[in-house]
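Everything below concerns the one structure shown next.
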Amino acid sequence: MKAWVALLAGLVLSINAPAADYSNPDEAIKARQDQFEDIKASFKQLRFLVIQKQFDAMAAREEADKLVELSQPLVAMFRTRSDQGDTKALDRIWEHWPRFEKQMNEFVELTKKTADSLKYANQEDARMYVNQAAKSCKGCHRLFKAR
């Protein structure tokens, strides 16, 4: 019974929670910067967890699930052109939107594959997907982020 009450309360809160609005370029920039800081910390922790000899699959899975959640809004955060102001986002993002969106979605998909592999405590696959995600980050940064 308690589980149903908690589930119902969570559903009501999520329905009433306002959707994030990234239509203001300055707000989108700030939201992205904050989100990427959180992603960077989570990714670093996940990478550490999946290389350990004393592998803690539960801790790795929790961190992977957190990373999946953090990665979900990334594409939406860039939909409004916001390459002016306090940002390292290059105008190439919006000039080559399909390529950028594809790369961003690949990163999101790799985070999901990492989490899925950790459902089965598969350290080897998790490590592989984390490494692929890291390469995905670097590839996107090379093309779309000012240094």
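Starting from 1 in every chain, residues are counted up; chains themselves are A, B, ... following the order of the structure tokens, and ligands are numbered from 1 as listed.
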Find the residues near A:Ala31: any atom within 12 Å, counting only C-alpha atoms, skip ones fewer than 3 places away on the same chain, and give them as a PDB file with N, CA and C atoms, in the first residue's frame.
```pdb
ATOM      1  N   ALA A  20      11.030  22.061 -18.441  1.00  0.00           N
ATOM      2  CA  ALA A  20      12.120  23.020 -18.566  1.00  0.00           C
ATOM      3  C   ALA A  20      11.947  23.813 -19.859  1.00  0.00           C
ATOM      4  N   ASP A  21      12.227  25.097 -19.789  1.00  0.00           N
ATOM      5  CA  ASP A  21      12.103  25.977 -20.949  1.00  0.00           C
ATOM      6  C   ASP A  21      13.497  26.481 -21.316  1.00  0.00           C
ATOM      7  N   TYR A  22      13.974  26.036 -22.461  1.00  0.00           N
ATOM      8  CA  TYR A  22      15.301  26.445 -22.914  1.00  0.00           C
ATOM      9  C   TYR A  22      15.198  27.427 -24.075  1.00  0.00           C
ATOM     10  N   SER A  23      14.071  28.112 -24.216  1.00  0.00           N
ATOM     11  CA  SER A  23      13.883  29.026 -25.338  1.00  0.00           C
ATOM     12  C   SER A  23      14.656  30.329 -25.161  1.00  0.00           C
ATOM     13  N   ASN A  24      15.004  30.689 -23.933  1.00  0.00           N
ATOM     14  CA  ASN A  24      15.826  31.866 -23.680  1.00  0.00           C
ATOM     15  C   ASN A  24      17.287  31.434 -23.796  1.00  0.00           C
ATOM     16  N   PRO A  25      18.044  32.001 -24.752  1.00  0.00           N
ATOM     17  CA  PRO A  25      19.422  31.559 -24.958  1.00  0.00           C
ATOM     18  C   PRO A  25      20.301  31.627 -23.704  1.00  0.00           C
ATOM     19  N   ASP A  26      20.184  32.682 -22.925  1.00  0.00           N
ATOM     20  CA  ASP A  26      21.013  32.797 -21.716  1.00  0.00           C
ATOM     21  C   ASP A  26      20.676  31.709 -20.705  1.00  0.00           C
ATOM     22  N   GLU A  27      19.383  31.403 -20.564  1.00  0.00           N
ATOM     23  CA  GLU A  27      18.975  30.343 -19.642  1.00  0.00           C
ATOM     24  C   GLU A  27      19.405  28.967 -20.159  1.00  0.00           C
ATOM     25  N   ALA A  28      19.337  28.794 -21.476  1.00  0.00           N
ATOM     26  CA  ALA A  28      19.771  27.529 -22.072  1.00  0.00           C
ATOM     27  C   ALA A  28      21.263  27.317 -21.842  1.00  0.00           C
ATOM     28  N   ASP A  34      25.533  23.860 -16.317  1.00  0.00           N
ATOM     29  CA  ASP A  34      25.273  23.141 -15.068  1.00  0.00           C
ATOM     30  C   ASP A  34      25.100  21.644 -15.328  1.00  0.00           C
ATOM     31  N   GLN A  35      24.352  21.321 -16.388  1.00  0.00           N
ATOM     32  CA  GLN A  35      24.091  19.915 -16.707  1.00  0.00           C
ATOM     33  C   GLN A  35      25.388  19.194 -17.074  1.00  0.00           C
ATOM     34  N   PHE A  36      26.225  19.848 -17.867  1.00  0.00           N
ATOM     35  CA  PHE A  36      27.482  19.210 -18.262  1.00  0.00           C
ATOM     36  C   PHE A  36      28.438  19.043 -17.083  1.00  0.00           C
ATOM     37  N   GLU A  37      28.389  19.940 -16.128  1.00  0.00           N
ATOM     38  CA  GLU A  37      29.209  19.750 -14.913  1.00  0.00           C
ATOM     39  C   GLU A  37      28.746  18.513 -14.150  1.00  0.00           C
ATOM     40  N   ASP A  38      27.435  18.347 -14.034  1.00  0.00           N
ATOM     41  CA  ASP A  38      26.890  17.173 -13.361  1.00  0.00           C
ATOM     42  C   ASP A  38      27.215  15.899 -14.140  1.00  0.00           C
ATOM     43  N   LEU A  70      20.668  12.283 -16.458  1.00  0.00           N
ATOM     44  CA  LEU A  70      21.291  13.582 -16.724  1.00  0.00           C
ATOM     45  C   LEU A  70      21.434  13.858 -18.221  1.00  0.00           C
ATOM     46  N   PRO A  73      18.008  15.411 -21.303  1.00  0.00           N
ATOM     47  CA  PRO A  73      17.581  16.703 -21.868  1.00  0.00           C
ATOM     48  C   PRO A  73      18.608  17.389 -22.762  1.00  0.00           C
ATOM     49  N   LEU A  74      19.740  16.756 -23.045  1.00  0.00           N
ATOM     50  CA  LEU A  74      20.819  17.454 -23.744  1.00  0.00           C
ATOM     51  C   LEU A  74      20.401  18.031 -25.093  1.00  0.00           C
ATOM     52  N   ALA A  76      17.481  18.854 -26.237  1.00  0.00           N
ATOM     53  CA  ALA A  76      16.526  19.959 -26.035  1.00  0.00           C
ATOM     54  C   ALA A  76      17.226  21.231 -25.575  1.00  0.00           C
ATOM     55  N   MET A  77      18.301  21.086 -24.833  1.00  0.00           N
ATOM     56  CA  MET A  77      19.024  22.251 -24.326  1.00  0.00           C
ATOM     57  C   MET A  77      19.722  23.043 -25.426  1.00  0.00           C
ATOM     58  N   PHE A  78      19.897  22.421 -26.582  1.00  0.00           N
ATOM     59  CA  PHE A  78      20.582  23.083 -27.693  1.00  0.00           C
ATOM     60  C   PHE A  78      19.637  23.508 -28.815  1.00  0.00           C
ATOM     61  N   SER A  82      22.020  29.310 -29.413  1.00  0.00           N
ATOM     62  CA  SER A  82      22.573  30.011 -28.252  1.00  0.00           C
ATOM     63  C   SER A  82      24.093  29.900 -28.287  1.00  0.00           C
ATOM     64  N   ASP A  86      28.187  33.849 -22.788  1.00  0.00           N
ATOM     65  CA  ASP A  86      29.140  33.076 -21.986  1.00  0.00           C
ATOM     66  C   ASP A  86      29.017  31.588 -22.302  1.00  0.00           C
ATOM     67  N   THR A  87      29.477  31.208 -23.488  1.00  0.00           N
ATOM     68  CA  THR A  87      29.373  29.822 -23.912  1.00  0.00           C
ATOM     69  C   THR A  87      30.550  29.439 -24.791  1.00  0.00           C
TER      70      THR A  87
END
```
**Study point:** Selection near stretch 119-125 of chain A, 7 Å with only C-alpha atoms, sequence-local residues under 5 positions removed, as number ranges by chain
**Key:** A: 50, 57, 61
Grab the residues selected above and save them as an mmCIF file, in the first residue's frame with C-alpha atoms.
```
data_model
loop_
_atom_site.group_PDB
_atom_site.id
_atom_site.type_symbol
_atom_site.label_atom_id
_atom_site.label_comp_id
_atom_site.auth_asym_id
_atom_site.auth_seq_id
_atom_site.Cartn_x
_atom_site.Cartn_y
_atom_site.Cartn_z
ATOM 1 C CA VAL A 50 33.741 0.111 -13.909
ATOM 2 C CA ALA A 57 27.913 -3.658 -9.825
ATOM 3 C CA ARG A 61 24.457 0.682 -11.996
#
```
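What separates atom CA of A:Ala134 from atom CA of A:Leu49 is a distance of 14.7 Å.
Compared by their closest atoms to A:Ser42, and using only C-alpha atoms, the residues A:Phe144, A:Ala64, A:Lys30, A:Lys113 rank with A:Ala64 nearest.
Pairwise distance (atom CA of A:Asp65, atom CA of A:Phe43) equals 10.8 Å.
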Point to revise | Of the listed residues A:Arg32, A:Lys66, A:Lys112, A:Lys102, that which approaches A:Val130 most closely, counting only C-alpha atoms | key: A:Lys112
Review point. To one decimal place, how far is atom CA of A:Tyr129 from atom CA of A:Thr111 in Å?
Key: 7.4 Å
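Distance check against A:Val108 using only C-alpha atoms: of A:Arg147, A:Ala59, A:Glu69, A:Ile51, the minimum falls on A:Glu69.
Distances here use only C-alpha atoms; by that measure, the residue among A:Glu106, A:Glu101, A:Asp116, A:Asp56 closest to A:Ala133 is A:Glu106.
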Exercise for review: Find, counting only C-alpha atoms, the residue in A:Ser136, A:Gln33, A:Leu143, A:Arg127 that gets nearest to A:Arg47.
Suggested key: A:Arg127
Point to revise | helix (DSSP H, G or I) positions in stretch 51-108 of chain A, given as JSON, numbers by chain | key: {"A": [51, 57, 58, 59, 60, 61, 62, 63, 64, 65, 66, 67, 68, 69, 70, 71, 74, 75, 76, 77, 78, 92, 93, 94, 95, 97, 98, 99, 100, 101, 102, 103, 104, 105, 106, 107, 108]}
Could the residues in this selection be saved with C-alpha atoms as a PDB file, in the first residue's frame?
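Below is the file that was written, out.pdb:
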```pdb
ATOM      1  CA  ILE A  51      37.549  -0.259 -13.872  1.00  0.00           C
ATOM      2  CA  ALA A  57      27.913  -3.658  -9.825  1.00  0.00           C
ATOM      3  CA  MET A  58      25.148  -2.055  -7.745  1.00  0.00           C
ATOM      4  CA  ALA A  59      27.059   1.200  -7.236  1.00  0.00           C
ATOM      5  CA  ALA A  60      28.048   1.266 -10.911  1.00  0.00           C
ATOM      6  CA  ARG A  61      24.457   0.682 -11.996  1.00  0.00           C
ATOM      7  CA  GLU A  62      23.170   3.484  -9.753  1.00  0.00           C
ATOM      8  CA  GLU A  63      25.723   5.870 -11.233  1.00  0.00           C
ATOM      9  CA  ALA A  64      24.919   4.712 -14.780  1.00  0.00           C
ATOM     10  CA  ASP A  65      21.201   5.288 -14.167  1.00  0.00           C
ATOM     11  CA  LYS A  66      22.018   8.770 -12.875  1.00  0.00           C
ATOM     12  CA  LEU A  67      24.060   9.466 -16.006  1.00  0.00           C
ATOM     13  CA  VAL A  68      21.219   8.286 -18.251  1.00  0.00           C
ATOM     14  CA  GLU A  69      18.846  10.675 -16.494  1.00  0.00           C
ATOM     15  CA  LEU A  70      21.291  13.582 -16.724  1.00  0.00           C
ATOM     16  CA  SER A  71      21.830  12.961 -20.443  1.00  0.00           C
ATOM     17  CA  LEU A  74      20.819  17.454 -23.744  1.00  0.00           C
ATOM     18  CA  VAL A  75      19.396  17.762 -27.258  1.00  0.00           C
ATOM     19  CA  ALA A  76      16.526  19.959 -26.035  1.00  0.00           C
ATOM     20  CA  MET A  77      19.024  22.251 -24.326  1.00  0.00           C
ATOM     21  CA  PHE A  78      20.582  23.083 -27.693  1.00  0.00           C
ATOM     22  CA  ARG A  92      28.570  24.863 -36.117  1.00  0.00           C
ATOM     23  CA  ILE A  93      26.048  23.167 -33.824  1.00  0.00           C
ATOM     24  CA  TRP A  94      23.139  24.932 -35.485  1.00  0.00           C
ATOM     25  CA  GLU A  95      24.720  25.060 -38.939  1.00  0.00           C
ATOM     26  CA  TRP A  97      22.265  20.411 -36.613  1.00  0.00           C
ATOM     27  CA  PRO A  98      21.560  16.886 -37.961  1.00  0.00           C
ATOM     28  CA  ARG A  99      25.152  15.827 -37.353  1.00  0.00           C
ATOM     29  CA  PHE A 100      25.216  17.395 -33.883  1.00  0.00           C
ATOM     30  CA  GLU A 101      21.890  15.839 -32.937  1.00  0.00           C
ATOM     31  CA  LYS A 102      23.066  12.428 -34.181  1.00  0.00           C
ATOM     32  CA  GLN A 103      26.248  12.623 -32.132  1.00  0.00           C
ATOM     33  CA  MET A 104      24.396  13.768 -29.034  1.00  0.00           C
ATOM     34  CA  ASN A 105      21.837  10.977 -29.400  1.00  0.00           C
ATOM     35  CA  GLU A 106      24.656   8.446 -29.806  1.00  0.00           C
ATOM     36  CA  PHE A 107      26.090   9.592 -26.472  1.00  0.00           C
ATOM     37  CA  VAL A 108      22.685   9.254 -24.813  1.00  0.00           C
TER      38      VAL A 108
END
```
